[in-house]
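Visitor: Below is work_1.cif; it holds mmCIF, C-alpha atoms.
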```
data_data
loop_
_atom_site.group_PDB
_atom_site.id
_atom_site.type_symbol
_atom_site.label_atom_id
_atom_site.label_comp_id
_atom_site.auth_asym_id
_atom_site.auth_seq_id
_atom_site.Cartn_x
_atom_site.Cartn_y
_atom_site.Cartn_z
ATOM 1 C CA MET A 23 -20.335 -5.695 -39.830
ATOM 2 C CA GLY A 24 -18.614 -4.613 -43.034
ATOM 3 C CA SER A 25 -19.879 -5.897 -46.369
ATOM 4 C CA LYS A 26 -16.533 -7.592 -47.098
ATOM 5 C CA ASN A 27 -16.616 -9.415 -43.760
ATOM 6 C CA LYS A 28 -20.218 -10.431 -44.328
ATOM 7 C CA GLN A 29 -19.431 -11.749 -47.807
ATOM 8 C CA LYS A 30 -16.498 -13.713 -46.411
ATOM 9 C CA ARG A 31 -18.828 -15.375 -43.914
ATOM 10 C CA PHE A 32 -21.370 -16.184 -46.640
ATOM 11 C CA GLU A 33 -18.630 -17.874 -48.644
ATOM 12 C CA GLU A 34 -17.328 -19.802 -45.647
ATOM 13 C CA ASN A 35 -20.849 -20.997 -44.834
ATOM 14 C CA LYS A 36 -20.880 -22.733 -48.221
ATOM 15 C CA THR A 37 -17.946 -24.885 -47.102
ATOM 16 C CA PHE A 38 -19.543 -26.047 -43.844
ATOM 17 C CA LYS A 39 -21.177 -29.480 -43.941
ATOM 18 C CA ASN A 40 -23.481 -28.419 -41.084
ATOM 19 C CA VAL A 41 -25.033 -25.499 -43.008
ATOM 20 C CA ILE A 42 -28.032 -25.972 -45.309
ATOM 21 C CA GLN A 43 -29.113 -23.026 -47.455
ATOM 22 C CA PRO A 44 -32.102 -23.966 -49.639
ATOM 23 C CA THR A 45 -33.870 -21.486 -51.877
ATOM 24 C CA ARG A 46 -37.411 -20.546 -50.919
ATOM 25 C CA GLU A 47 -38.662 -22.483 -53.946
ATOM 26 C CA GLU A 48 -36.768 -25.598 -52.849
ATOM 27 C CA VAL A 49 -38.391 -25.325 -49.426
ATOM 28 C CA VAL A 50 -42.001 -24.824 -50.504
ATOM 29 C CA THR A 51 -41.987 -27.282 -53.410
ATOM 30 C CA GLY A 52 -40.670 -30.267 -51.453
ATOM 31 C CA PHE A 53 -37.690 -29.842 -49.153
ATOM 32 C CA SER A 54 -35.484 -32.917 -49.467
ATOM 33 C CA LEU A 55 -34.836 -33.380 -45.736
ATOM 34 C CA LYS A 56 -38.419 -32.930 -44.564
ATOM 35 C CA GLY A 57 -39.289 -36.057 -42.606
ATOM 36 C CA LYS A 58 -35.776 -37.389 -43.260
ATOM 37 C CA TRP A 59 -33.551 -35.478 -40.861
ATOM 38 C CA ASN A 60 -32.407 -38.811 -39.436
ATOM 39 C CA THR A 61 -30.573 -39.362 -42.737
ATOM 40 C CA PHE A 62 -28.696 -36.072 -42.308
ATOM 41 C CA PHE A 63 -27.606 -36.822 -38.738
ATOM 42 C CA LYS A 64 -27.329 -40.547 -39.439
ATOM 43 C CA ASN A 65 -29.275 -41.414 -36.291
ATOM 44 C CA ASP A 66 -32.811 -41.347 -34.872
ATOM 45 C CA ASN A 67 -32.015 -39.105 -31.911
ATOM 46 C CA PRO A 68 -34.467 -36.410 -30.755
ATOM 47 C CA ILE A 69 -34.451 -33.145 -32.724
ATOM 48 C CA VAL A 70 -34.347 -29.758 -30.984
ATOM 49 C CA LEU A 71 -34.739 -26.448 -32.849
ATOM 50 C CA GLU A 72 -33.521 -22.957 -32.060
ATOM 51 C CA LEU A 73 -35.698 -20.556 -34.059
ATOM 52 C CA GLY A 74 -34.223 -17.170 -34.878
ATOM 53 C CA CYS A 75 -30.940 -18.588 -33.642
ATOM 54 C CA GLY A 76 -28.769 -15.505 -34.239
ATOM 55 C CA LYS A 77 -25.177 -16.498 -33.544
ATOM 56 C CA GLY A 78 -26.353 -19.995 -32.617
ATOM 57 C CA GLU A 79 -25.318 -19.902 -28.962
ATOM 58 C CA TYR A 80 -28.096 -22.231 -27.805
ATOM 59 C CA THR A 81 -27.674 -24.624 -30.719
ATOM 60 C CA VAL A 82 -23.963 -25.033 -29.984
ATOM 61 C CA ALA A 83 -24.149 -25.037 -26.171
ATOM 62 C CA LEU A 84 -26.956 -27.586 -26.037
ATOM 63 C CA ALA A 85 -25.275 -29.760 -28.680
ATOM 64 C CA GLN A 86 -22.149 -29.808 -26.516
ATOM 65 C CA LYS A 87 -24.170 -30.681 -23.435
ATOM 66 C CA TYR A 88 -26.496 -33.286 -24.974
ATOM 67 C CA PRO A 89 -24.639 -35.431 -27.540
ATOM 68 C CA GLU A 90 -27.614 -37.821 -27.526
ATOM 69 C CA LYS A 91 -29.791 -35.168 -29.225
ATOM 70 C CA ASN A 92 -29.624 -33.324 -32.545
ATOM 71 C CA PHE A 93 -29.815 -29.518 -32.620
ATOM 72 C CA ILE A 94 -30.764 -27.287 -35.550
ATOM 73 C CA GLY A 95 -30.511 -23.503 -35.545
ATOM 74 C CA ILE A 96 -32.716 -21.648 -38.020
ATOM 75 C CA ASP A 97 -32.242 -18.040 -39.112
ATOM 76 C CA ILE A 98 -32.466 -16.071 -42.349
ATOM 77 C CA LYS A 99 -29.232 -14.213 -41.540
ATOM 78 C CA GLY A 100 -26.388 -16.517 -42.462
ATOM 79 C CA ALA A 101 -23.681 -14.043 -41.489
ATOM 80 C CA ARG A 102 -24.934 -14.311 -37.914
ATOM 81 C CA PHE A 103 -25.137 -18.077 -37.532
ATOM 82 C CA TRP A 104 -21.750 -18.364 -39.251
ATOM 83 C CA ARG A 105 -20.264 -18.078 -35.757
ATOM 84 C CA GLY A 106 -22.217 -21.063 -34.449
ATOM 85 C CA ALA A 107 -21.597 -23.121 -37.575
ATOM 86 C CA LYS A 108 -17.869 -22.429 -37.413
ATOM 87 C CA THR A 109 -17.633 -23.317 -33.730
ATOM 88 C CA ALA A 110 -19.591 -26.542 -34.291
ATOM 89 C CA THR A 111 -17.280 -27.403 -37.188
ATOM 90 C CA GLU A 112 -14.119 -26.669 -35.199
ATOM 91 C CA GLU A 113 -15.352 -28.765 -32.282
ATOM 92 C CA ASN A 114 -16.580 -31.617 -34.505
ATOM 93 C CA LEU A 115 -20.123 -31.352 -33.161
ATOM 94 C CA GLU A 116 -21.884 -33.740 -35.506
ATOM 95 C CA ASN A 117 -25.209 -33.154 -33.709
ATOM 96 C CA ALA A 118 -25.438 -29.447 -34.618
ATOM 97 C CA ALA A 119 -26.676 -27.969 -37.899
ATOM 98 C CA PHE A 120 -27.956 -24.653 -39.254
ATOM 99 C CA VAL A 121 -30.607 -23.874 -41.852
ATOM 100 C CA ARG A 122 -30.863 -20.505 -43.570
ATOM 101 C CA THR A 123 -34.556 -19.858 -44.162
ATOM 102 C CA GLN A 124 -37.552 -17.882 -42.886
ATOM 103 C CA ILE A 125 -39.132 -19.079 -39.634
ATOM 104 C CA GLU A 126 -42.599 -19.004 -41.200
ATOM 105 C CA LEU A 127 -41.468 -21.875 -43.462
ATOM 106 C CA VAL A 128 -40.620 -24.159 -40.547
ATOM 107 C CA ASP A 129 -43.493 -26.537 -41.358
ATOM 108 C CA PHE A 130 -42.025 -26.990 -44.848
ATOM 109 C CA ILE A 131 -38.636 -27.909 -43.372
ATOM 110 C CA PHE A 132 -39.910 -30.492 -40.879
ATOM 111 C CA ALA A 133 -42.615 -33.129 -41.115
ATOM 112 C CA GLU A 134 -45.481 -33.674 -38.710
ATOM 113 C CA ASN A 135 -44.277 -34.991 -35.322
ATOM 114 C CA GLU A 136 -40.606 -34.779 -36.347
ATOM 115 C CA VAL A 137 -39.391 -32.341 -33.677
ATOM 116 C CA ASP A 138 -39.074 -32.941 -29.924
ATOM 117 C CA GLU A 139 -38.398 -29.446 -28.598
ATOM 118 C CA ILE A 140 -38.255 -25.824 -29.765
ATOM 119 C CA TRP A 141 -36.345 -22.881 -28.324
ATOM 120 C CA ILE A 142 -37.232 -19.290 -29.233
ATOM 121 C CA THR A 143 -34.450 -17.087 -27.917
ATOM 122 C CA PHE A 144 -34.797 -13.304 -27.818
ATOM 123 C CA PRO A 145 -37.122 -12.797 -30.789
ATOM 124 C CA ASP A 146 -38.101 -9.344 -32.009
ATOM 125 C CA PRO A 147 -41.249 -8.635 -29.925
ATOM 126 C CA GLN A 148 -42.908 -6.766 -32.823
ATOM 127 C CA ILE A 149 -44.668 -4.484 -30.347
ATOM 128 C CA LYS A 150 -46.741 -2.439 -32.808
ATOM 129 C CA TYR A 151 -50.236 -3.867 -33.323
ATOM 130 C CA GLN A 152 -49.832 -4.037 -37.105
ATOM 131 C CA ARG A 153 -46.795 -6.269 -36.546
ATOM 132 C CA THR A 154 -48.796 -8.869 -34.582
ATOM 133 C CA LYS A 155 -48.660 -11.335 -37.479
ATOM 134 C CA HIS A 156 -44.872 -11.313 -37.250
ATOM 135 C CA ARG A 157 -44.663 -12.209 -33.555
ATOM 136 C CA MET A 158 -43.097 -15.633 -33.256
ATOM 137 C CA THR A 159 -45.622 -16.752 -30.635
ATOM 138 C CA ASN A 160 -48.817 -15.643 -32.351
ATOM 139 C CA THR A 161 -51.511 -18.243 -33.027
ATOM 140 C CA SER A 162 -50.480 -18.979 -36.623
ATOM 141 C CA PHE A 163 -46.872 -19.612 -35.601
ATOM 142 C CA LEU A 164 -47.935 -21.755 -32.639
ATOM 143 C CA LYS A 165 -50.014 -23.934 -34.960
ATOM 144 C CA LYS A 166 -46.981 -24.445 -37.200
ATOM 145 C CA TYR A 167 -44.905 -25.471 -34.182
ATOM 146 C CA HIS A 168 -47.644 -27.807 -32.959
ATOM 147 C CA HIS A 169 -47.739 -29.491 -36.364
ATOM 148 C CA ILE A 170 -44.042 -30.383 -36.374
ATOM 149 C CA LEU A 171 -43.754 -31.159 -32.651
ATOM 150 C CA LYS A 172 -44.290 -34.634 -31.235
ATOM 151 C CA GLU A 173 -47.276 -35.140 -28.978
ATOM 152 C CA ASP A 174 -45.319 -34.324 -25.802
ATOM 153 C CA GLY A 175 -43.128 -31.729 -27.512
ATOM 154 C CA ILE A 176 -41.836 -28.830 -25.438
ATOM 155 C CA MET A 177 -41.699 -25.104 -26.275
ATOM 156 C CA ASN A 178 -39.279 -22.641 -24.659
ATOM 157 C CA LEU A 179 -39.437 -18.844 -24.909
ATOM 158 C CA LYS A 180 -36.589 -16.797 -23.450
ATOM 159 C CA THR A 181 -36.780 -13.041 -23.924
ATOM 160 C CA ASP A 182 -35.835 -9.689 -22.432
ATOM 161 C CA SER A 183 -39.199 -8.260 -23.523
ATOM 162 C CA GLU A 184 -41.815 -8.033 -20.767
ATOM 163 C CA PHE A 185 -44.288 -7.291 -23.553
ATOM 164 C CA MET A 186 -43.472 -10.524 -25.404
ATOM 165 C CA HIS A 187 -43.571 -12.469 -22.146
ATOM 166 C CA GLY A 188 -46.982 -11.073 -21.168
ATOM 167 C CA TYR A 189 -48.428 -11.356 -24.672
ATOM 168 C CA THR A 190 -47.380 -14.995 -24.938
ATOM 169 C CA LEU A 191 -48.594 -15.948 -21.467
ATOM 170 C CA GLY A 192 -51.981 -14.350 -22.141
ATOM 171 C CA LEU A 193 -52.299 -16.154 -25.454
ATOM 172 C CA LEU A 194 -51.303 -19.508 -23.961
ATOM 173 C CA HIS A 195 -53.823 -19.225 -21.133
ATOM 174 C CA GLY A 196 -56.529 -17.915 -23.461
ATOM 175 C CA GLU A 197 -56.115 -20.809 -25.906
ATOM 176 C CA GLY A 198 -55.881 -23.481 -23.210
ATOM 177 C CA HIS A 199 -52.253 -24.485 -23.643
ATOM 178 C CA GLU A 200 -50.244 -25.951 -20.774
ATOM 179 C CA VAL A 201 -47.788 -23.568 -19.123
ATOM 180 C CA LEU A 202 -45.185 -25.722 -17.377
ATOM 181 C CA TYR A 203 -43.090 -22.898 -15.966
ATOM 182 C CA ALA A 204 -43.113 -19.103 -16.217
ATOM 183 C CA ASN A 205 -40.759 -16.576 -14.676
ATOM 184 C CA HIS A 206 -40.393 -12.860 -15.391
ATOM 185 C CA THR A 207 -36.837 -12.641 -14.056
ATOM 186 C CA VAL A 208 -35.065 -16.004 -14.200
ATOM 187 C CA TYR A 209 -31.770 -14.838 -12.725
ATOM 188 C CA LYS A 210 -33.358 -13.465 -9.570
ATOM 189 C CA ASN A 211 -35.997 -16.100 -8.820
ATOM 190 C CA GLU A 212 -35.246 -19.679 -7.858
ATOM 191 C CA GLY A 213 -36.387 -22.675 -9.840
ATOM 192 C CA ALA A 214 -35.422 -21.755 -13.401
ATOM 193 C CA PRO A 215 -34.237 -24.764 -15.462
ATOM 194 C CA GLU A 216 -30.458 -25.079 -15.598
ATOM 195 C CA ASP A 217 -30.379 -24.870 -19.408
ATOM 196 C CA VAL A 218 -32.010 -21.444 -19.197
ATOM 197 C CA LEU A 219 -29.344 -20.077 -16.873
ATOM 198 C CA SER A 220 -26.204 -21.805 -18.134
ATOM 199 C CA THR A 221 -26.388 -20.558 -21.726
ATOM 200 C CA GLN A 222 -26.350 -16.849 -22.465
ATOM 201 C CA THR A 223 -26.559 -15.293 -25.905
ATOM 202 C CA PHE A 224 -24.369 -12.401 -27.039
ATOM 203 C CA TYR A 225 -27.198 -9.919 -26.549
ATOM 204 C CA GLU A 226 -28.370 -11.484 -23.314
ATOM 205 C CA LYS A 227 -24.993 -10.788 -21.730
ATOM 206 C CA GLN A 228 -25.380 -7.141 -22.704
ATOM 207 C CA TYR A 229 -28.874 -7.037 -21.185
ATOM 208 C CA LEU A 230 -27.631 -8.557 -17.944
ATOM 209 C CA GLU A 231 -24.867 -5.963 -17.660
ATOM 210 C CA THR A 232 -27.590 -3.308 -17.500
ATOM 211 C CA ASP A 233 -29.614 -5.391 -14.999
ATOM 212 C CA LYS A 234 -32.404 -5.958 -17.518
ATOM 213 C CA ALA A 235 -34.780 -8.760 -16.509
ATOM 214 C CA ILE A 236 -34.711 -11.941 -18.595
ATOM 215 C CA THR A 237 -38.024 -13.791 -18.808
ATOM 216 C CA TYR A 238 -38.771 -17.424 -19.624
ATOM 217 C CA ILE A 239 -41.780 -19.625 -20.372
ATOM 218 C CA ARG A 240 -41.794 -23.414 -20.855
ATOM 219 C CA PHE A 241 -45.031 -24.771 -22.304
ATOM 220 C CA LYS A 242 -46.873 -27.445 -24.266
ATOM 221 C CA LEU A 243 -49.282 -26.739 -27.085
ATOM 222 C CA ASN A 244 -52.800 -28.199 -27.102
ATOM 223 C CA TYR A 245 -54.717 -27.825 -30.358
#
```
Any chance you could put this one into structure tokens?
Guide:
Amino acid sequence: MGSKNKQKRFEENKTFKNVIQPTREEVVTGFSLKGKWNTFFKNDNPIVLELGCGKGEYTVALAQKYPEKNFIGIDIKGARFWRGAKTATEENLENAAFVRTQIELVDFIFAENEVDEIWITFPDPQIKYQRTKHRMTNTSFLKKYHHILKEDGIMNLKTDSEFMHGYTLGLLHGEGHEVLYANHTVYKNEGAPEDVLSTQTFYEKQYLETDKAITYIRFKLNY
């Protein structure tokens, strides 16, 4: 993506009512919407997050499918989620929003028990051992998710990385969390949830063209 095109998207993001771009200081010193997302959406409907949302395919697709829920895509790269924000704006999806911030600040963005469900879609697996702390399903991240999730909150991990799939499954079993469903190739085995199959990200479509397996885990956190 050219720098001019990227800058154009940054500027257009500023005009979207569904895009929130706080500074890091604003987030860590008392984010205004923390615990008050119902005031942003003007309802008390369940909140679903897409972490590392990229182009926001899941945020938009699920918002279209479930108007009775609110969906928030989070990513630090605003030029990417511009596509999702623009589509949501064009289609008047008032239950879709995007926040530009780091995932590790998610517990500063949402209050305890404020979120009903979390989707992690195709995160960087951070395979090297020294990158373990950056894996989005490591213990420290899971504790952040547990804090903001409601008691029966659901986690979803969809990835093309067998490493990430195996690492996460091992961690979940080792820490005593509840694995509700796990599949190492969702498009070839029966029983995968419809939401997992019906929405495909930009990169996922590329993976599928090369017959790369897509894995999925649905789980609950017990701390």
Visitor: When the PyMOL selection byres ((chain A and resi 138-154) around 9) is applied to the structure above, which residues does it catch, written out as a PyMOL selection string?
Guide: chain A and resi 68-76+80+135-137+155-160+167+170-183+185-187+223+225-226
Visitor: Point out the residue among A:Lys210, A:Lys108, A:His168, A:Lys99 with the least atom-to-atom distance to Asp129 in chain A, counting all atoms listed in the file.
Guide: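 Checking each candidate against Asp129 in chain A, we get A:His168 as the closest.
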Visitor: Taking all atoms listed in the file into account, which of A:Ile131, A:Ala118, A:Thr123, A:Glu184 comes nearest Ser54 in chain A?
Guide: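 Under the stated criterion, the closest residue is A:Ile131.
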Visitor: I'd like to know which of A:Asn117, A:Ser25, A:Gln43, A:Asn35 is closest to Ala83 in chain A, using only C-alpha atoms.
Guide: A:Asn117
Visitor: So what does the PyMOL selection byres ((chain A and resi 32) around 12) actually pick up in this one, as a PyMOL selection string?
Guide: chain A and resi 25-31+33-38+41-43+98-105+107-108+122
Visitor: Expand the PyMOL selection byres ((chain A and resi 116) around 9) into the explicit residue set it covers here, and present it as a PyMOL selection string.
Guide: chain A and resi 40+63+85+89+92+110-111+113-115+117-119
Visitor: I need the residue nearest Lys58 in chain A from this list: A:Phe120, A:Tyr88, A:Phe132, A:Tyr203. Use only C-alpha atoms for the distance.
Guide: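 Looking only at the distances to Lys58 in chain A, the closest residue turns out to be A:Phe132.
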Visitor: Need the shell around range 195-201 of chain A: protein/DNA/RNA residues with any atom at most 9 Å away, counting all atoms listed in the file. Skip same-chain ones fewer than 4 positions apart. Format as a ChimeraX atom specification?
Guide: /A:161,190-191,239-245
Visitor: Please compute the CA of Ala235 in chain A-CA of Glu212 in chain A distance, one decimal, in Å.
Guide: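 Result for CA of Ala235 in chain A versus CA of Glu212 in chain A: 13.9 Å, one decimal.
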